[in-house]
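Next comes query_20.txt, a file with compact mmCIF, C-alpha atoms and all ligand atoms.
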# COMPACT_ATOMS: atom_id res chain seq x y z
CA MET O 1265 22.37 52.81 -111.13
CA PRO O 1266 24.66 49.90 -111.96
CA LEU O 1267 27.98 50.06 -110.13
CA LEU O 1268 30.21 49.79 -113.20
CA ASP O 1269 28.29 51.82 -115.77
CA GLY O 1270 30.55 53.14 -118.54
CA LYS O 1271 33.55 51.11 -117.38
CA THR O 1272 35.53 48.77 -119.62
CA GLY O 1273 37.34 45.68 -118.43
CA ILE O 1274 39.46 42.75 -119.46
CA VAL O 1275 39.24 39.28 -117.93
CA PHE O 1276 42.17 36.83 -117.90
CA GLY O 1277 41.49 33.27 -116.76
CA VAL O 1278 38.13 32.00 -117.95
CA ALA O 1279 38.51 28.29 -118.78
CA ASN O 1280 34.88 27.16 -118.44
CA LYS O 1281 31.59 28.07 -116.78
CA ARG O 1282 32.88 27.05 -113.33
CA SER O 1283 35.89 29.37 -113.49
CA ILE O 1284 36.11 32.03 -110.76
CA ALA O 1285 36.99 34.44 -113.60
CA TRP O 1286 33.62 33.72 -115.19
CA ALA O 1287 31.75 34.37 -111.92
CA ILE O 1288 33.48 37.74 -111.55
CA ALA O 1289 33.05 38.60 -115.24
CA GLN O 1290 29.31 37.98 -114.97
CA ALA O 1291 29.08 40.23 -111.91
CA TRP O 1292 31.06 42.96 -113.71
CA ALA O 1293 28.82 42.67 -116.78
CA ARG O 1294 25.65 42.70 -114.65
CA GLU O 1295 26.86 46.00 -113.16
CA GLY O 1296 27.18 47.49 -116.62
CA ALA O 1297 30.85 46.98 -117.53
CA LYS O 1298 31.83 46.33 -121.15
CA LEU O 1299 34.23 43.37 -121.13
CA ALA O 1300 36.90 41.71 -123.24
CA PHE O 1301 38.20 38.20 -122.58
CA THR O 1302 41.43 36.35 -123.21
CA PHE O 1303 41.92 32.62 -123.47
CA GLN O 1304 44.93 30.35 -123.37
CA GLY O 1305 45.10 27.46 -125.79
CA GLU O 1306 42.71 26.07 -128.37
CA ARG O 1307 41.16 23.72 -125.79
CA VAL O 1308 39.42 26.54 -123.94
CA LYS O 1309 38.90 28.85 -126.93
CA GLU O 1310 35.46 27.40 -127.73
CA ASN O 1311 34.33 27.58 -124.09
CA VAL O 1312 35.29 31.23 -123.81
CA GLU O 1313 33.64 32.05 -127.14
CA GLU O 1314 30.42 30.38 -126.01
CA LEU O 1315 30.41 32.06 -122.57
CA ALA O 1316 31.58 35.52 -123.61
CA GLY O 1317 29.23 35.39 -126.61
CA THR O 1318 26.30 35.71 -124.18
CA PHE O 1319 27.34 39.38 -123.79
CA GLY O 1320 26.86 39.96 -127.53
CA ALA O 1321 28.36 38.60 -130.73
CA ASP O 1322 30.81 41.53 -130.90
CA THR O 1323 32.48 40.70 -127.54
CA LEU O 1324 36.24 40.98 -127.90
CA ILE O 1325 37.98 37.62 -127.33
CA LEU O 1326 41.74 37.44 -127.73
CA PRO O 1327 44.38 34.73 -127.36
CA CYS O 1328 46.89 35.36 -124.58
CA ASP O 1329 49.57 33.17 -123.08
CA VAL O 1330 50.61 35.43 -120.18
CA THR O 1331 54.20 34.16 -120.40
CA LYS O 1332 54.55 35.70 -123.90
CA ASP O 1333 55.34 39.44 -123.98
CA ALA O 1334 54.30 39.71 -127.65
CA GLU O 1335 50.85 38.25 -126.94
CA ILE O 1336 50.33 40.64 -124.02
CA ALA O 1337 51.38 43.57 -126.22
CA ASN O 1338 48.92 42.50 -128.90
CA VAL O 1339 46.05 42.20 -126.42
CA PHE O 1340 46.52 45.73 -125.06
CA LYS O 1341 47.08 47.20 -128.52
CA THR O 1342 43.70 45.77 -129.56
CA ILE O 1343 42.05 46.97 -126.33
CA GLY O 1344 43.39 50.45 -127.01
CA GLU O 1345 41.95 50.41 -130.51
CA ARG O 1346 38.55 48.96 -129.55
CA PHE O 1347 37.91 50.48 -126.10
CA GLY O 1348 40.16 53.55 -126.11
CA LYS O 1349 40.54 53.25 -122.33
CA LEU O 1350 40.46 50.54 -119.70
CA ASN O 1351 39.09 50.62 -116.14
CA LEU O 1352 39.13 47.01 -114.93
CA LEU O 1353 41.48 44.04 -115.13
CA LEU O 1354 40.92 40.60 -113.61
CA HIS O 1355 43.90 38.28 -113.15
CA SER O 1356 42.64 34.77 -112.47
CA VAL O 1357 45.52 32.76 -113.89
CA ALA O 1358 47.74 30.21 -112.17
CA PHE O 1359 49.73 27.17 -113.10
CA ALA O 1360 52.31 24.88 -111.58
CA PRO O 1361 53.36 21.57 -113.14
CA LYS O 1362 51.18 18.81 -111.69
CA ASP O 1363 54.06 16.88 -110.10
CA ALA O 1364 55.01 20.00 -108.10
CA LEU O 1365 51.56 19.87 -106.43
CA GLU O 1366 52.18 16.38 -105.15
CA GLY O 1367 54.81 15.15 -102.74
CA ARG O 1368 57.27 17.36 -100.86
CA PHE O 1369 57.88 21.08 -101.47
CA VAL O 1370 61.59 20.47 -100.89
CA ASP O 1371 61.64 18.45 -104.12
CA THR O 1372 60.38 21.36 -106.29
CA SER O 1373 62.55 21.57 -109.42
CA ARG O 1374 64.08 24.84 -110.61
CA GLU O 1375 61.93 24.61 -113.73
CA ALA O 1376 58.65 23.99 -111.84
CA PHE O 1377 59.46 26.92 -109.53
CA ARG O 1378 60.19 29.16 -112.53
CA ILE O 1379 57.01 28.19 -114.40
CA ALA O 1380 54.76 28.61 -111.34
CA HIS O 1381 56.15 32.08 -110.66
CA ASP O 1382 56.13 33.17 -114.31
CA VAL O 1383 52.53 32.15 -114.98
CA SER O 1384 51.02 32.87 -111.57
CA ALA O 1385 52.89 35.92 -110.23
CA TYR O 1386 55.07 37.73 -112.78
CA SER O 1387 52.11 37.84 -115.17
CA LEU O 1388 50.33 40.28 -112.83
CA VAL O 1389 53.28 42.66 -113.11
CA ALA O 1390 53.42 42.35 -116.90
CA LEU O 1391 49.64 42.81 -117.32
CA SER O 1392 49.55 45.78 -114.92
CA ARG O 1393 52.38 47.50 -116.78
CA ALA O 1394 50.61 46.98 -120.12
CA ALA O 1395 47.27 48.17 -118.69
CA GLU O 1396 48.64 51.33 -117.05
CA PRO O 1397 48.72 53.56 -120.17
CA LEU O 1398 45.08 52.64 -120.93
CA MET O 1399 43.80 53.25 -117.40
CA THR O 1400 43.62 56.97 -118.00
CA ASP O 1401 40.71 57.67 -115.67
CA GLY O 1402 41.83 55.37 -112.92
CA GLY O 1403 41.43 51.65 -112.65
CA SER O 1404 40.92 48.57 -110.53
CA ILE O 1405 43.12 45.51 -110.92
CA VAL O 1406 41.92 42.39 -109.11
CA ALA O 1407 43.97 39.19 -108.71
CA MET O 1408 42.99 35.86 -107.18
CA SER O 1409 44.99 34.39 -104.30
CA TYR O 1410 44.71 31.60 -101.78
CA TYR O 1411 45.51 31.03 -98.09
CA GLY O 1412 48.42 28.75 -99.06
CA ALA O 1413 50.32 32.03 -99.67
CA GLU O 1414 50.63 32.60 -95.91
CA LYS O 1415 50.26 29.20 -94.22
CA VAL O 1416 51.29 25.72 -95.26
CA VAL O 1417 48.48 23.90 -97.03
CA PRO O 1418 49.59 20.33 -97.74
CA HIS O 1419 50.51 19.83 -101.44
CA TYR O 1420 49.85 23.47 -102.42
CA ASN O 1421 53.66 23.67 -102.34
CA VAL O 1422 55.21 25.95 -104.96
CA MET O 1423 51.80 27.52 -105.72
CA GLY O 1424 51.79 28.84 -102.15
CA VAL O 1425 55.18 30.47 -102.73
CA ALA O 1426 53.96 31.90 -106.06
CA LYS O 1427 50.79 33.28 -104.39
CA ALA O 1428 52.98 34.90 -101.71
CA ALA O 1429 54.88 36.59 -104.58
CA LEU O 1430 51.55 37.59 -106.15
CA GLU O 1431 50.33 39.17 -102.89
CA ALA O 1432 53.61 41.04 -102.37
CA SER O 1433 53.53 42.17 -106.01
CA THR O 1434 50.02 43.51 -105.38
CA ARG O 1435 51.40 45.82 -102.67
CA TYR O 1436 54.32 47.08 -104.79
CA LEU O 1437 52.04 47.60 -107.79
CA ALA O 1438 49.51 49.43 -105.61
CA ASN O 1439 52.28 51.81 -104.53
CA ASP O 1440 53.51 52.43 -108.10
CA LEU O 1441 50.08 52.84 -109.68
CA GLY O 1442 48.28 54.63 -106.84
CA PRO O 1443 49.24 58.12 -108.08
CA LYS O 1444 47.40 57.28 -111.33
CA LYS O 1445 44.28 56.28 -109.34
CA ILE O 1446 44.84 52.66 -110.26
CA ARG O 1447 44.07 50.30 -107.38
CA VAL O 1448 45.46 46.77 -107.10
CA ASN O 1449 43.95 44.17 -104.75
CA CYS O 1450 43.75 40.42 -104.22
CA ILE O 1451 40.77 38.29 -103.37
CA SER O 1452 41.91 35.32 -101.30
CA ALA O 1453 39.15 32.83 -102.02
CA GLY O 1454 38.25 29.76 -100.02
CA PRO O 1455 38.38 26.55 -102.08
CA VAL O 1456 35.99 26.37 -105.05
CA ASN O 1457 35.35 23.30 -107.20
CA THR O 1458 36.80 24.48 -110.51
CA LEU O 1459 38.84 22.88 -113.30
CA ALA O 1460 42.01 24.08 -111.50
CA ALA O 1461 40.95 22.19 -108.36
CA ARG O 1462 39.84 19.05 -110.18
CA GLY O 1463 42.23 16.16 -109.95
CA ILE O 1464 43.86 17.58 -106.84
CA SER O 1465 43.84 14.57 -104.55
CA GLY O 1466 41.95 15.28 -101.33
CA PHE O 1467 40.15 18.34 -102.71
CA MET O 1468 36.71 17.08 -101.67
CA GLU O 1469 38.04 16.48 -98.13
CA MET O 1470 39.36 20.05 -98.18
CA LEU O 1471 35.88 21.41 -99.00
CA LYS O 1472 34.52 19.39 -96.08
CA HIS O 1473 37.28 20.67 -93.76
CA TYR O 1474 36.34 24.28 -94.60
CA GLU O 1475 32.66 23.55 -94.01
CA GLU O 1476 33.49 22.23 -90.56
CA HIS O 1477 36.04 24.86 -89.52
CA ALA O 1478 35.04 28.15 -91.16
CA PRO O 1479 32.94 30.40 -88.86
CA LEU O 1480 30.11 30.42 -91.43
CA LYS O 1481 30.17 26.56 -91.59
CA ARG O 1482 30.00 26.43 -95.36
CA ASN O 1483 32.07 27.06 -98.47
CA VAL O 1484 32.17 30.27 -100.50
CA THR O 1485 30.06 30.34 -103.68
CA PRO O 1486 31.21 31.65 -107.07
CA ASP O 1487 28.41 34.26 -106.88
CA GLU O 1488 29.91 35.63 -103.67
CA LEU O 1489 33.33 35.93 -105.31
CA GLY O 1490 31.58 37.78 -108.15
CA ALA O 1491 29.99 40.19 -105.69
CA THR O 1492 33.35 40.91 -104.04
CA GLY O 1493 34.94 41.36 -107.46
CA ALA O 1494 32.22 43.88 -108.37
CA PHE O 1495 32.74 45.74 -105.09
CA LEU O 1496 36.52 45.98 -105.60
CA ALA O 1497 35.95 47.21 -109.16
CA SER O 1498 33.45 49.83 -108.02
CA ASP O 1499 33.94 53.32 -106.64
CA GLY O 1500 32.75 51.98 -103.28
CA ALA O 1501 36.27 50.54 -102.97
CA ALA O 1502 37.95 53.79 -104.10
CA ALA O 1503 40.12 53.94 -100.96
CA ILE O 1504 41.08 50.25 -100.91
CA THR O 1505 44.39 49.31 -102.53
CA GLY O 1506 47.24 46.88 -101.94
CA GLN O 1507 44.98 44.63 -99.87
CA VAL O 1508 44.21 40.95 -99.67
CA LEU O 1509 40.49 40.45 -99.01
CA TYR O 1510 39.56 37.05 -97.57
CA VAL O 1511 36.39 35.72 -99.13
CA ASP O 1512 36.50 32.37 -97.37
CA CYS O 1513 33.56 32.25 -94.95
CA GLY O 1514 35.95 33.42 -92.22
CA TYR O 1515 38.34 30.46 -92.38
CA GLN O 1516 41.48 32.65 -92.31
CA ILE O 1517 40.79 34.12 -88.83
CA MET O 1518 40.90 30.74 -87.10
CA GLY O 1519 43.90 29.59 -85.07
CA MET O 1520 42.50 26.14 -84.49
O1 LIG Q 1 45.45 27.97 -106.92
C1 LIG Q 1 44.85 26.92 -106.93
C2 LIG Q 1 45.13 25.88 -108.00
C3 LIG Q 1 46.02 26.36 -109.09
C4 LIG Q 1 46.61 25.27 -109.94
C5 LIG Q 1 45.96 24.08 -110.24
C6 LIG Q 1 46.57 23.13 -111.03
C7 LIG Q 1 45.94 21.80 -111.34
C8 LIG Q 1 46.46 21.20 -112.62
C9 LIG Q 1 47.86 25.47 -110.46
N1 LIG Q 1 48.47 24.56 -111.24
C10 LIG Q 1 47.86 23.42 -111.55
N2 LIG Q 1 48.51 22.53 -112.34
C11 LIG Q 1 47.91 21.43 -112.85
O2 LIG Q 1 48.56 20.63 -113.55
N3 LIG Q 1 43.94 26.65 -105.94
C12 LIG Q 1 43.74 27.61 -104.89
C13 LIG Q 1 43.18 25.41 -105.86
C14 LIG Q 1 43.97 24.42 -105.07
O3 LIG Q 1 44.98 23.74 -105.64
C15 LIG Q 1 45.55 22.95 -104.66
C16 LIG Q 1 44.89 23.17 -103.45
C17 LIG Q 1 43.88 24.12 -103.71
C18 LIG Q 1 42.92 24.69 -102.73
C19 LIG Q 1 46.61 22.08 -104.74
C20 LIG Q 1 47.01 21.37 -103.61
C21 LIG Q 1 46.37 21.58 -102.42
C22 LIG Q 1 45.31 22.48 -102.32
Would you mind writing the file's structure down as structure tokens?
Amino acid sequence: MPLLDGKTGIVFGVANKRSIAWAIAQAWAREGAKLAFTFQGERVKENVEELAGTFGADTLILPCDVTKDAEIANVFKTIGERFGKLNLLLHSVAFAPKDALEGRFVDTSREAFRIAHDVSAYSLVALSRAAEPLMTDGGSIVAMSYYGAEKVVPHYNVMGVAKAALEASTRYLANDLGPKKIRVNCISAGPVNTLAARGISGFMEMLKHYEEHAPLKRNVTPDELGATGAFLASDGAAAITGQVLYVDCGYQIMGM
């Protein structure tokens, strides 16, 4: 029996076929979940329509800038009307202004700090609050994080601080929503070559560094992130909440 039979889900953060959100969405769909997708901006609209369309022409695809309360409200209103209830939510959204991911963290502007936290961390709180009334038979909320939340990764800068806020938010949300059988967890992924990683100077060297230093001597694949996403969404993870799961070929355990 598929792991997610009869469950409904919504996926935030597909930009193109290499997106981690797409890998997890495919795994959720393969396990029988019925999914809706959101997109941000006209540039990615067509990509999401093409990808999500593979699950059927009637797949729900909605615009959502996660920094806009009205757009979030509209998304969950539509989900309520079309699905009636919601079981799964994937948060795979992050942004910091490009110049904040170069140079010194100490130079982060107030505005770059605000934007990074609004898009990458507060959005999980806002989406969880909007999802709660629809998660009437329990739910699983999964957010994507990265090791830069807990250790200094050169140039990750304000994104590391925002991911730390995301991970802490995951714990507070898990406490609030636990009584409703809604679980909230993070997947801390090793580096993956996505649109978000493109153009980050030294990213290819970073992939090589992980290959050399991670216990498994390789990088994580999108498929493996999908499998972990499916596990966290499934009843097999029914007692797991508020956690950060490292899906990084073991990199995080190393001291040197
Ligand atoms: O969380 C991320 C990247 C998120 C991200 C990417 C961009 C690129 C384009 C957020 N904001 C922006 N803003 C842009 O203008 N990762 C885990 C991937 C990543 O990004 C890095 C990394 C790694 C790994 C940035 C510097 C150093 C390492």
Q: Could I get the residue neighbourhood of ligand LIG 1 (chain Q) at 7 Å, counting all atoms listed in the file, as a PyMOL selection string?
A: chain O and resi 1358-1362+1365+1409-1410+1417-1420+1423+1455+1460-1464+1467
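Distance check against Ala1497 in chain O using only C-alpha atoms: of O:Ala1297, O:Met1520, O:Ala1426, O:Ile1284, the minimum falls on O:Ala1297.
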Q) Please, what distance in Å, to one decimal, runs between CA of Ile1274 in chain O and CA of Arg1447 in chain O? A) 15.0 Å
Q) At a cut-off of 6 Å from (41.9, 38.1, -114.1) in the coordinates of the file, what residues are picked up using only C-alpha atoms, written as an NGL selection string? A) :O and (1275-1277 or 1354-1356 or 1407)
Any chance you could export the current selection's C-alpha atoms as an mmCIF file, keeping the file's coordinate frame?
data_model
loop_
_atom_site.group_PDB
_atom_site.id
_atom_site.type_symbol
_atom_site.label_atom_id
_atom_site.label_comp_id
_atom_site.auth_asym_id
_atom_site.auth_seq_id
_atom_site.Cartn_x
_atom_site.Cartn_y
_atom_site.Cartn_z
ATOM 1 C CA VAL O 1275 39.240 39.280 -117.930
ATOM 2 C CA PHE O 1276 42.170 36.830 -117.900
ATOM 3 C CA GLY O 1277 41.490 33.270 -116.760
ATOM 4 C CA LEU O 1354 40.920 40.600 -113.610
ATOM 5 C CA HIS O 1355 43.900 38.280 -113.150
ATOM 6 C CA SER O 1356 42.640 34.770 -112.470
ATOM 7 C CA ALA O 1407 43.970 39.190 -108.710
#
What's around Glu1310 in chain O at 10 Å? Count all atoms listed in the file, leave out sequence neighbours fewer than 6 positions away in its own chain, and write the answer as a PDB file with C-alpha atoms, keeping the file's coordinate frame.
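selection_28.pdb was written with the following content:
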ATOM      1  CA  ALA O1279      38.510  28.290-118.780  1.00  0.00           C
ATOM      2  CA  ASN O1280      34.880  27.160-118.440  1.00  0.00           C
ATOM      3  CA  PHE O1303      41.920  32.620-123.470  1.00  0.00           C
ATOM      4  CA  ALA O1316      31.580  35.520-123.610  1.00  0.00           C
TER       5      ALA O1316
END
(Q) Residues near Arg1282 in chain O, anyone? I mean within 9 Å using all atoms listed in the file, not counting same-chain ones fewer than 4 positions away, as a ChimeraX atom specification. (A) /O:1278,1286-1287,1456-1459,1486
Within 12 Å of Ala1364 in chain O, counting only C-alpha atoms, which residues show up once you throw out same-chain ones fewer than 4 positions away? Write them as a PDB file with C-alpha atoms, in the coordinates of the input, please.
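Wrote result17.pdb, looks like this:
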ATOM      1  CA  PHE O1359      49.730  27.170-113.100  1.00  0.00           C
ATOM      2  CA  ALA O1360      52.310  24.880-111.580  1.00  0.00           C
ATOM      3  CA  ARG O1368      57.270  17.360-100.860  1.00  0.00           C
ATOM      4  CA  PHE O1369      57.880  21.080-101.470  1.00  0.00           C
ATOM      5  CA  VAL O1370      61.590  20.470-100.890  1.00  0.00           C
ATOM      6  CA  ASP O1371      61.640  18.450-104.120  1.00  0.00           C
ATOM      7  CA  THR O1372      60.380  21.360-106.290  1.00  0.00           C
ATOM      8  CA  SER O1373      62.550  21.570-109.420  1.00  0.00           C
ATOM      9  CA  ARG O1374      64.080  24.840-110.610  1.00  0.00           C
ATOM     10  CA  GLU O1375      61.930  24.610-113.730  1.00  0.00           C
ATOM     11  CA  ALA O1376      58.650  23.990-111.840  1.00  0.00           C
ATOM     12  CA  PHE O1377      59.460  26.920-109.530  1.00  0.00           C
ATOM     13  CA  ARG O1378      60.190  29.160-112.530  1.00  0.00           C
ATOM     14  CA  ILE O1379      57.010  28.190-114.400  1.00  0.00           C
ATOM     15  CA  ALA O1380      54.760  28.610-111.340  1.00  0.00           C
ATOM     16  CA  PRO O1418      49.590  20.330 -97.740  1.00  0.00           C
ATOM     17  CA  HIS O1419      50.510  19.830-101.440  1.00  0.00           C
ATOM     18  CA  TYR O1420      49.850  23.470-102.420  1.00  0.00           C
ATOM     19  CA  ASN O1421      53.660  23.670-102.340  1.00  0.00           C
ATOM     20  CA  VAL O1422      55.210  25.950-104.960  1.00  0.00           C
ATOM     21  CA  MET O1423      51.800  27.520-105.720  1.00  0.00           C
ATOM     22  CA  GLY O1424      51.790  28.840-102.150  1.00  0.00           C
ATOM     23  CA  VAL O1425      55.180  30.470-102.730  1.00  0.00           C
ATOM     24  CA  ILE O1464      43.860  17.580-106.840  1.00  0.00           C
TER      25      ILE O1464
END
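Excluding Ala1438 in chain O itself and any same-chain residue fewer than 3 positions from it, the protein and nucleic acid residues within 6 Å of it, counting only C-alpha atoms, are Thr1434, Arg1435, Leu1441, Gly1442, Arg1447, Val1448, Thr1505 and Gly1506 of chain O.
In this comparison, which uses all atoms listed in the file, the residue of O:Met1399, O:Leu1315, O:Ala1390, O:Val1383 approaching Gly1348 in chain O most closely is O:Met1399.
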Q) At what distance in Å, to one decimal, does CA of Ile1517 in chain O lie from CA of Glu1431 in chain O? A) 17.7 Å
Q) Within 12 Å of (20.8, 39.7, -110.0), in the coordinates the file gives, what residues turn up when you count only C-alpha atoms, written out as a ChimeraX atom specification? A) /O:1266,1290-1295,1487-1488,1490-1491
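Ranking O:Val1357, O:Leu1352, O:Leu1489, O:Met1518 by their shortest atom-to-atom distance to Tyr1474 in chain O, with all atoms listed in the file included, puts O:Met1518 first.
Candidate residues O:Arg1482, O:Lys1341, O:Lys1298, O:Lys1415 were compared for distance to Leu1268 in chain O, and the nearest is O:Lys1298, using only C-alpha atoms.
Between Ala1289 in chain O and the residues O:Ile1343, O:Met1265, O:Leu1353, O:Ala1385, the shortest atom-to-atom distance, using only C-alpha atoms, involves O:Leu1353.
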**Q.** Pairwise distance for CA of Asp1499 in chain O and CA of Gly1273 in chain O, rounded to one decimal in Å
**A.** 14.5 Å
Got a sec: who's within 10 Å of range 1332-1338 of chain O, counting all atoms listed in the file, leaving out chain neighbours fewer than 2 positions off, as a CSV table (one decimal) with C-alpha atoms, in the frame of the given file?
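Contents of part_1.csv, freshly written:
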chain,number,residue,atom,x,y,z
O,1302,THR,CA,41.4,36.4,-123.2
O,1326,LEU,CA,41.7,37.4,-127.7
O,1327,PRO,CA,44.4,34.7,-127.4
O,1328,CYS,CA,46.9,35.4,-124.6
O,1329,ASP,CA,49.6,33.2,-123.1
O,1330,VAL,CA,50.6,35.4,-120.2
O,1340,PHE,CA,46.5,45.7,-125.1
O,1341,LYS,CA,47.1,47.2,-128.5
O,1342,THR,CA,43.7,45.8,-129.6
O,1343,ILE,CA,42.0,47.0,-126.3
O,1344,GLY,CA,43.4,50.4,-127.0
O,1383,VAL,CA,52.5,32.2,-115.0
O,1387,SER,CA,52.1,37.8,-115.2
O,1390,ALA,CA,53.4,42.4,-116.9
O,1391,LEU,CA,49.6,42.8,-117.3
O,1394,ALA,CA,50.6,47.0,-120.1
O,1395,ALA,CA,47.3,48.2,-118.7
Would you save range 1465-1482 of chain O to a file, keeping N, CA and C atoms, as an mmCIF file, in the first residue's frame?
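So the final result, stored in selection_39.cif, reads:
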data_model
loop_
_atom_site.group_PDB
_atom_site.id
_atom_site.type_symbol
_atom_site.label_atom_id
_atom_site.label_comp_id
_atom_site.auth_asym_id
_atom_site.auth_seq_id
_atom_site.Cartn_x
_atom_site.Cartn_y
_atom_site.Cartn_z
ATOM 1 N N SER O 1465 29.352 31.580 -5.864
ATOM 2 C CA SER O 1465 30.750 31.342 -6.235
ATOM 3 C C SER O 1465 31.326 30.293 -5.295
ATOM 4 N N GLY O 1466 32.022 29.319 -5.873
ATOM 5 C CA GLY O 1466 32.621 28.249 -5.088
ATOM 6 C C GLY O 1466 31.685 27.096 -4.798
ATOM 7 N N PHE O 1467 30.497 27.083 -5.423
ATOM 8 C CA PHE O 1467 29.544 26.000 -5.115
ATOM 9 C C PHE O 1467 30.057 24.633 -5.570
ATOM 10 N N MET O 1468 30.679 24.608 -6.748
ATOM 11 C CA MET O 1468 31.223 23.330 -7.249
ATOM 12 C C MET O 1468 32.318 22.794 -6.322
ATOM 13 N N GLU O 1469 33.141 23.706 -5.785
ATOM 14 C CA GLU O 1469 34.183 23.302 -4.818
ATOM 15 C C GLU O 1469 33.532 22.747 -3.544
ATOM 16 N N MET O 1470 32.383 23.342 -3.190
ATOM 17 C CA MET O 1470 31.668 22.868 -2.001
ATOM 18 C C MET O 1470 31.167 21.438 -2.194
ATOM 19 N N LEU O 1471 30.639 21.140 -3.386
ATOM 20 C CA LEU O 1471 30.193 19.763 -3.673
ATOM 21 C C LEU O 1471 31.376 18.795 -3.551
ATOM 22 N N LYS O 1472 32.525 19.226 -4.044
ATOM 23 C CA LYS O 1472 33.723 18.390 -3.987
ATOM 24 C C LYS O 1472 34.173 18.195 -2.534
ATOM 25 N N HIS O 1473 34.108 19.253 -1.742
ATOM 26 C CA HIS O 1473 34.483 19.192 -0.323
ATOM 27 C C HIS O 1473 33.606 18.165 0.417
ATOM 28 N N TYR O 1474 32.313 18.174 0.134
ATOM 29 C CA TYR O 1474 31.403 17.208 0.771
ATOM 30 C C TYR O 1474 31.749 15.783 0.356
ATOM 31 N N GLU O 1475 32.022 15.622 -0.937
ATOM 32 C CA GLU O 1475 32.394 14.284 -1.445
ATOM 33 C C GLU O 1475 33.611 13.736 -0.713
ATOM 34 N N GLU O 1476 34.547 14.628 -0.433
ATOM 35 C CA GLU O 1476 35.786 14.189 0.219
ATOM 36 C C GLU O 1476 35.610 13.959 1.717
ATOM 37 N N HIS O 1477 34.752 14.762 2.356
ATOM 38 C CA HIS O 1477 34.692 14.738 3.821
ATOM 39 C C HIS O 1477 33.508 14.003 4.419
ATOM 40 N N ALA O 1478 32.414 13.858 3.696
ATOM 41 C CA ALA O 1478 31.254 13.150 4.247
ATOM 42 C C ALA O 1478 31.595 11.662 4.394
ATOM 43 N N PRO O 1479 31.136 11.006 5.459
ATOM 44 C CA PRO O 1479 31.405 9.579 5.652
ATOM 45 C C PRO O 1479 31.064 8.729 4.421
ATOM 46 N N LEU O 1480 29.978 9.077 3.732
ATOM 47 C CA LEU O 1480 29.575 8.261 2.574
ATOM 48 C C LEU O 1480 30.351 8.623 1.296
ATOM 49 N N LYS O 1481 31.218 9.635 1.375
ATOM 50 C CA LYS O 1481 32.117 10.021 0.255
ATOM 51 C C LYS O 1481 31.378 10.315 -1.049
ATOM 52 N N ARG O 1482 30.244 10.981 -0.894
ATOM 53 C CA ARG O 1482 29.471 11.402 -2.066
ATOM 54 C C ARG O 1482 28.495 12.482 -1.629
#
